[in-house]
file my_file17.txt (compact mmCIF, C-alpha atoms)
# COMPACT_ATOMS: atom_id res chain seq x y z
CA MET N 243 99.63 62.46 48.41
CA THR N 244 98.94 66.21 48.32
CA TYR N 245 96.86 67.82 51.08
CA LYS N 246 94.90 71.01 50.87
CA ILE N 247 94.91 72.86 54.21
CA LYS N 248 91.38 73.49 55.40
CA PRO N 249 90.07 75.50 58.37
CA TRP N 250 89.40 72.36 60.43
CA MET N 251 93.05 71.41 60.11
CA LEU N 252 94.18 74.72 61.66
CA ALA N 253 91.68 74.31 64.49
CA ARG N 254 92.87 70.80 65.25
CA THR N 255 96.48 71.98 65.13
CA VAL N 256 95.87 73.96 68.33
CA ALA N 257 94.12 71.02 70.04
CA ASP N 258 96.16 67.99 68.94
CA THR N 259 99.64 66.74 69.82
CA ALA N 260 100.38 63.51 67.98
CA ALA N 261 97.10 61.59 68.25
CA TRP N 262 95.86 62.68 71.69
CA ARG N 263 96.77 66.12 73.16
CA SER N 264 98.91 69.22 73.09
CA THR N 265 100.31 70.85 76.20
CA PHE N 266 100.58 74.60 76.59
CA SER N 267 103.46 74.33 79.04
CA THR N 268 103.77 78.00 79.99
CA PHE N 269 100.43 78.15 81.79
CA GLY N 270 99.98 74.50 82.59
CA PHE N 271 96.73 74.05 80.69
CA PHE N 272 96.13 71.17 78.27
CA ILE N 273 93.39 70.16 75.85
CA GLN N 274 92.57 66.50 75.31
CA ARG N 275 90.79 65.39 72.18
CA PRO N 276 91.02 61.75 71.12
CA GLU N 277 91.26 61.15 67.44
CA THR N 278 88.47 58.83 66.36
CA PRO N 279 88.85 56.44 63.42
CA GLU N 280 86.42 58.47 61.31
CA ASP N 281 88.51 61.65 61.72
CA PRO N 282 90.59 62.48 58.63
CA PRO N 283 94.35 62.71 59.26
CA ASN N 284 95.73 66.13 60.08
CA PRO N 285 98.94 66.75 58.10
CA MET N 286 99.90 69.70 60.38
CA THR N 287 100.10 67.60 63.57
CA PRO N 288 103.90 66.99 63.34
CA PHE N 289 104.54 70.74 63.40
CA LEU N 290 103.16 70.89 66.97
CA HIS N 291 106.32 69.26 68.28
CA TYR N 292 108.21 72.40 67.18
CA LEU N 293 105.58 75.16 67.25
CA PHE N 294 104.43 74.96 70.88
CA PRO N 295 107.85 74.67 72.58
CA ALA N 296 109.19 77.58 70.54
CA PHE N 297 106.12 79.70 71.32
CA SER N 298 106.40 78.88 75.03
CA ILE N 299 110.05 79.95 75.17
CA VAL N 300 109.34 83.28 73.43
CA LEU N 301 106.37 84.02 75.68
CA SER N 302 108.33 83.15 78.84
CA LEU N 303 111.16 85.49 77.90
CA ALA N 304 108.66 88.26 77.22
CA LEU N 305 107.05 87.81 80.64
CA VAL N 306 110.41 87.84 82.42
CA GLY N 307 111.21 91.10 80.70
CA CYS N 308 108.10 92.66 82.26
CA GLY N 309 109.23 91.84 85.77
CA THR N 310 111.44 94.88 86.38
CA ALA N 311 110.73 98.44 87.33
CA SER N 312 112.48 99.83 84.25
CA ASP N 313 110.35 101.18 81.45
CA SER N 314 111.30 99.39 78.25
CA ASN N 315 110.56 102.55 76.24
CA GLY N 316 113.23 104.41 78.23
CA ALA N 317 115.92 101.77 78.56
CA GLY N 318 119.11 103.42 79.79
CA ALA N 319 117.40 106.77 80.28
CA THR N 320 117.09 108.66 83.56
CA GLY N 321 114.64 111.08 85.09
CA VAL N 322 114.75 113.52 88.00
CA LEU N 323 112.90 112.72 91.22
CA GLU N 324 112.31 115.18 94.06
CA ILE N 325 110.85 114.28 97.46
CA HIS N 326 109.54 117.24 99.49
CA LEU N 327 108.07 117.44 102.97
CA THR N 328 105.37 119.74 104.35
CA ASP N 329 103.20 119.80 107.47
CA HIS N 330 99.44 120.12 107.72
CA ARG N 331 98.22 122.39 110.54
CA GLU N 332 96.76 120.37 113.40
CA ALA N 333 98.68 120.18 116.69
CA ILE N 334 101.83 121.69 115.18
CA GLY N 335 100.65 124.99 116.65
CA ASP N 336 101.50 123.65 120.13
CA PHE N 337 105.20 123.59 119.27
CA ALA N 338 107.87 126.23 119.10
CA ARG N 339 110.02 123.64 117.34
CA LEU N 340 109.44 120.03 116.25
CA ASP N 341 112.32 118.13 114.67
CA VAL N 342 111.88 114.89 112.75
CA GLU N 343 115.08 112.97 111.97
CA ILE N 344 114.94 111.33 108.55
CA ASP N 345 116.77 108.03 108.39
CA THR N 346 116.02 106.82 104.85
CA VAL N 347 113.93 107.72 101.81
CA ARG N 348 112.54 104.40 100.62
CA LEU N 349 110.93 103.66 97.22
CA HIS N 350 109.25 100.44 96.17
CA PRO N 351 109.53 99.59 92.45
CA LYS N 352 106.50 98.14 90.72
CA ARG N 353 107.31 94.56 89.72
CA LEU N 354 104.67 92.71 87.72
CA LEU N 355 105.90 89.21 88.53
CA SER N 356 107.39 89.79 91.97
CA LEU N 357 105.63 89.12 95.26
CA ARG N 358 108.58 90.14 97.42
CA LYS N 359 107.76 92.79 100.00
CA SER N 360 111.37 93.59 100.95
CA ASP N 361 112.42 94.85 97.53
CA TRP N 362 112.82 98.51 98.56
CA LEU N 363 115.22 101.03 97.06
CA ASP N 364 116.88 102.95 99.93
CA LEU N 365 118.13 106.50 99.33
CA GLN N 366 120.12 108.61 101.75
CA PRO N 367 118.28 111.89 102.49
CA ASP N 368 119.82 115.24 101.61
CA VAL N 369 118.86 116.62 105.03
CA ALA N 370 119.25 114.87 108.37
CA SER N 371 116.31 116.54 110.12
CA VAL N 372 113.41 118.87 109.42
CA ASP N 373 111.71 121.33 111.77
CA LEU N 374 108.04 120.84 110.93
CA THR N 375 107.11 124.24 112.32
CA GLN N 376 109.00 125.75 109.36
CA VAL N 377 107.15 123.88 106.61
CA THR N 378 103.52 124.81 107.26
CA ASP N 379 101.18 126.90 105.08
CA LYS N 380 102.23 125.31 101.77
CA ARG N 381 105.95 125.71 102.50
CA THR N 382 108.04 122.65 101.70
CA ILE N 383 111.61 121.42 102.01
CA ALA N 384 113.38 119.04 99.66
CA VAL N 385 114.59 115.97 101.51
CA TRP N 386 115.97 114.17 98.43
CA ARG N 387 116.68 115.12 94.84
CA GLY N 388 118.54 113.16 92.19
CA GLU N 389 118.43 111.13 89.01
CA LEU N 390 117.03 107.60 88.87
CA PRO N 391 116.62 105.08 86.05
CA THR N 392 113.22 105.43 84.45
CA GLY N 393 110.56 103.09 85.73
CA ARG N 394 107.39 102.68 87.72
CA PHE N 395 107.07 102.75 91.48
CA GLU N 396 104.18 101.91 93.78
CA ALA N 397 105.06 103.02 97.32
CA LEU N 398 107.09 105.51 99.31
CA HIS N 399 108.30 105.58 102.91
CA LEU N 400 110.00 108.46 104.69
CA LYS N 401 111.56 106.35 107.42
CA LEU N 402 112.18 108.39 110.56
CA GLN N 403 114.86 107.82 113.16
CA GLY N 404 113.02 109.83 115.80
CA ALA N 405 111.06 112.99 116.55
CA SER N 406 110.79 115.42 119.44
CA GLY N 407 109.66 118.97 120.00
CA GLU N 408 109.65 121.97 122.32
CA LEU N 409 106.20 123.11 123.49
CA LYS N 410 105.36 126.82 123.29
CA GLU N 411 103.61 127.17 126.66
CA SER N 412 105.87 125.16 128.94
CA ALA N 413 109.10 125.12 126.89
CA ALA N 414 109.27 121.44 127.79
CA THR N 415 110.79 118.98 125.35
CA VAL N 416 108.42 116.11 124.58
CA PRO N 417 108.83 112.99 122.44
CA VAL N 418 106.70 112.62 119.33
CA ALA N 419 105.78 109.08 118.32
CA ASP N 420 106.60 108.00 114.76
CA GLU N 421 103.43 106.84 113.03
CA ALA N 422 104.61 107.81 109.54
CA ARG N 423 104.07 104.46 107.83
CA PRO N 424 104.77 103.54 104.17
CA ILE N 425 102.11 104.82 101.80
CA ARG N 426 100.84 103.44 98.52
CA LEU N 427 101.83 106.00 95.88
CA PRO N 428 101.92 104.95 92.21
CA PHE N 429 104.26 107.18 90.19
CA ASP N 430 106.65 107.11 87.25
CA VAL N 431 110.18 108.33 86.76
CA ARG N 432 110.10 109.42 83.13
CA PRO N 433 112.92 110.01 80.66
CA ASN N 434 114.24 113.59 80.86
CA ASP N 435 111.24 114.66 82.99
CA ALA N 436 111.02 115.95 86.57
CA THR N 437 108.83 114.06 89.03
CA ARG N 438 108.11 115.83 92.33
CA ILE N 439 106.37 114.33 95.35
CA VAL N 440 105.30 116.43 98.32
CA VAL N 441 104.59 114.29 101.39
CA ASP N 442 102.22 115.91 103.86
CA PHE N 443 102.95 115.15 107.52
CA VAL N 444 100.49 115.95 110.29
CA VAL N 445 101.11 116.14 114.05
CA LEU N 446 98.24 114.96 116.23
CA ASP N 447 97.62 115.36 119.95
CA MET N 448 96.41 111.94 121.10
CA SER N 449 96.82 112.62 124.83
CA ASP N 450 93.11 112.01 125.42
CA HIS N 451 93.85 108.32 124.67
CA PRO N 452 95.53 106.13 127.32
CA ASN N 453 99.33 105.97 127.11
CA ARG N 454 99.49 108.22 124.05
CA GLY N 455 100.72 111.73 123.38
CA TYR N 456 101.86 113.62 120.29
CA GLU N 457 102.21 111.59 117.09
CA VAL N 458 103.38 112.33 113.56
CA HIS N 459 101.41 110.72 110.72
CA VAL N 460 101.35 110.92 106.93
CA ARG N 461 98.24 112.86 105.95
CA GLY N 462 98.62 112.59 102.17
CA TYR N 463 100.72 113.62 99.19
CA GLU N 464 100.83 115.62 95.98
CA LEU N 465 102.38 114.26 92.78
CA TYR N 466 103.70 116.55 90.04
CA TYR N 467 105.19 115.92 86.60
CA ASN N 468 107.14 118.92 85.27
CA ASN N 469 105.37 121.15 87.85
CA ALA N 470 101.90 120.05 86.69
CA LEU N 471 99.74 118.43 89.41
CA ALA N 472 98.97 114.82 88.46
CA ASP N 473 97.52 113.37 91.69
CA LYS N 474 96.59 114.53 95.17
CA VAL N 475 95.57 112.57 98.27
CA PRO N 476 93.31 113.54 99.90
CA PRO N 477 91.75 115.39 96.93
CA GLY N 478 90.77 119.01 97.16
call {"tool": "encode", "arguments": {"input": "my_file17.txt", "output": "structure tokens"}}
result
Amino acid sequence: MTYKIKPWMLARTVADTAAWRSTFSTFGFFIQRPETPEDPPNPMTPFLHYLFPAFSIVLSLALVGCGTASDSNGAGATGVLEIHLTDHREAIGDFARLDVEIDTVRLHPKRLLSLRKSDWLDLQPDVASVDLTQVTDKRTIAVWRGELPTGRFEALHLKLQGASGELKESAATVPVADEARPIRLPFDVRPNDATRIVVDFVVLDMSDHPNRGYEVHVRGYELYYNNALADKVPPG
């Protein structure tokens, strides 16, 4: 017998496996449609035993490939990343010197299929400490510069080991609490391009609150690609 493939046959091919159902195993959904006696036979039904498993395997491999931070368009390529530090004028004027000790520069890759929160990339800083009184008024200092594999990232953390400063009026040395938490910062490392991030620290005098004193916080950041500003938080 010779069959002529009609549109209804293609539609039933998606819905039928053997006589009762087909299972789309990748996402766990299934469609049930009983074949009634008055339904004409579908000559394409046997192909489902081969079509759906093969399609599921291909789709699964494609999804796994999306789960890394590397950009598939730049496989094997590298880009330059620079992390700079500056200080916004608040209570920094109280200090003759305020040193923050940088323990680690931490980056969090963007992973589409990963829910792990501990998947940070730790980089050793190029400088051990920074005097924040020297990086005010748009001045910055590079705390890390190097090449990284191309890819997308979603967070940054300048992890401090400690901070302390010398007050101008009393010349006393006072501790400064570390409140510089990780920040959400979406950025790309692009092939043969330079990405520069300027992290803006701010020193606050919280002594009018019980059991608090001077604290260092992250105020915001600026993101540049090849010296062109791409993003700024807060804006303005």
call {"tool": "residues_near_point", "arguments": {"input": "my_file17.txt", "point": "(117.1, 99.7, 103.2)", "cutoff": "12 Å", "atoms": "all atoms listed in the file", "output": "list in words"}}
result
Asp345, Thr346, Val347, Arg348, Leu349, His350, Ser360, Asp361, Trp362, Leu363, Asp364, Leu365, Gln366, His399, Leu400 and Lys401 of chain N
call {"tool": "residues_around", "arguments": {"input": "my_file17.txt", "residues": "Ile344 (chain N)", "least_positions_apart": "5", "cutoff": "9 Å", "atoms": "all atoms listed in the file", "output": "PyMOL selection string"}}
result
chain N and resi 366-367+369-372+385+400-404
call {"tool": "atom_distance", "arguments": {"input": "my_file17.txt", "atom1": "CA of Pro351 (chain N)", "atom2": "CA of Leu323 (chain N)"}}
result
13.6 Å
call {"tool": "atom_distance", "arguments": {"input": "my_file17.txt", "atom1": "CA of Leu327 (chain N)", "atom2": "CA of Leu390 (chain N)"}}
result
19.4 Å
call {"tool": "residues_around", "arguments": {"input": "my_file17.txt", "residues": "region 428-440 of chain N", "least_positions_apart": "2", "cutoff": "7 Å", "atoms": "all atoms listed in the file", "output": "PyMOL selection string"}}
result
chain N and resi 316+319-328+392-397+426+442+463-468
call {"tool": "closest_residue", "arguments": {"input": "my_file17.txt", "among": "N:Ala470, N:Val444, N:Ala384, N:Val458", "to": "Asp329 (chain N)", "atoms": "all atoms listed in the file"}}
result
N:Val444
call {"tool": "atom_distance", "arguments": {"input": "my_file17.txt", "atom1": "CA of Ile334 (chain N)", "atom2": "CA of Arg423 (chain N)"}}
result
18.9 Å
call {"tool": "closest_residue", "arguments": {"input": "my_file17.txt", "among": "N:Pro391, N:Gly318, N:Gly455, N:Pro476", "to": "Pro417 (chain N)", "atoms": "only C-alpha atoms"}}
result
N:Gly455
call {"tool": "closest_residue", "arguments": {"input": "my_file17.txt", "among": "N:Arg461, N:Thr375, N:Ser412, N:Asp368", "to": "Gly388 (chain N)", "atoms": "all atoms listed in the file"}}
result
N:Asp368
call {"tool": "residues_near_point", "arguments": {"input": "my_file17.txt", "point": "(104.2, 110.7, 119.5)", "cutoff": "8 Å", "atoms": "all atoms listed in the file", "output": "NGL selection string"}}
result
:N and (405 or 417-421 or 454-458)
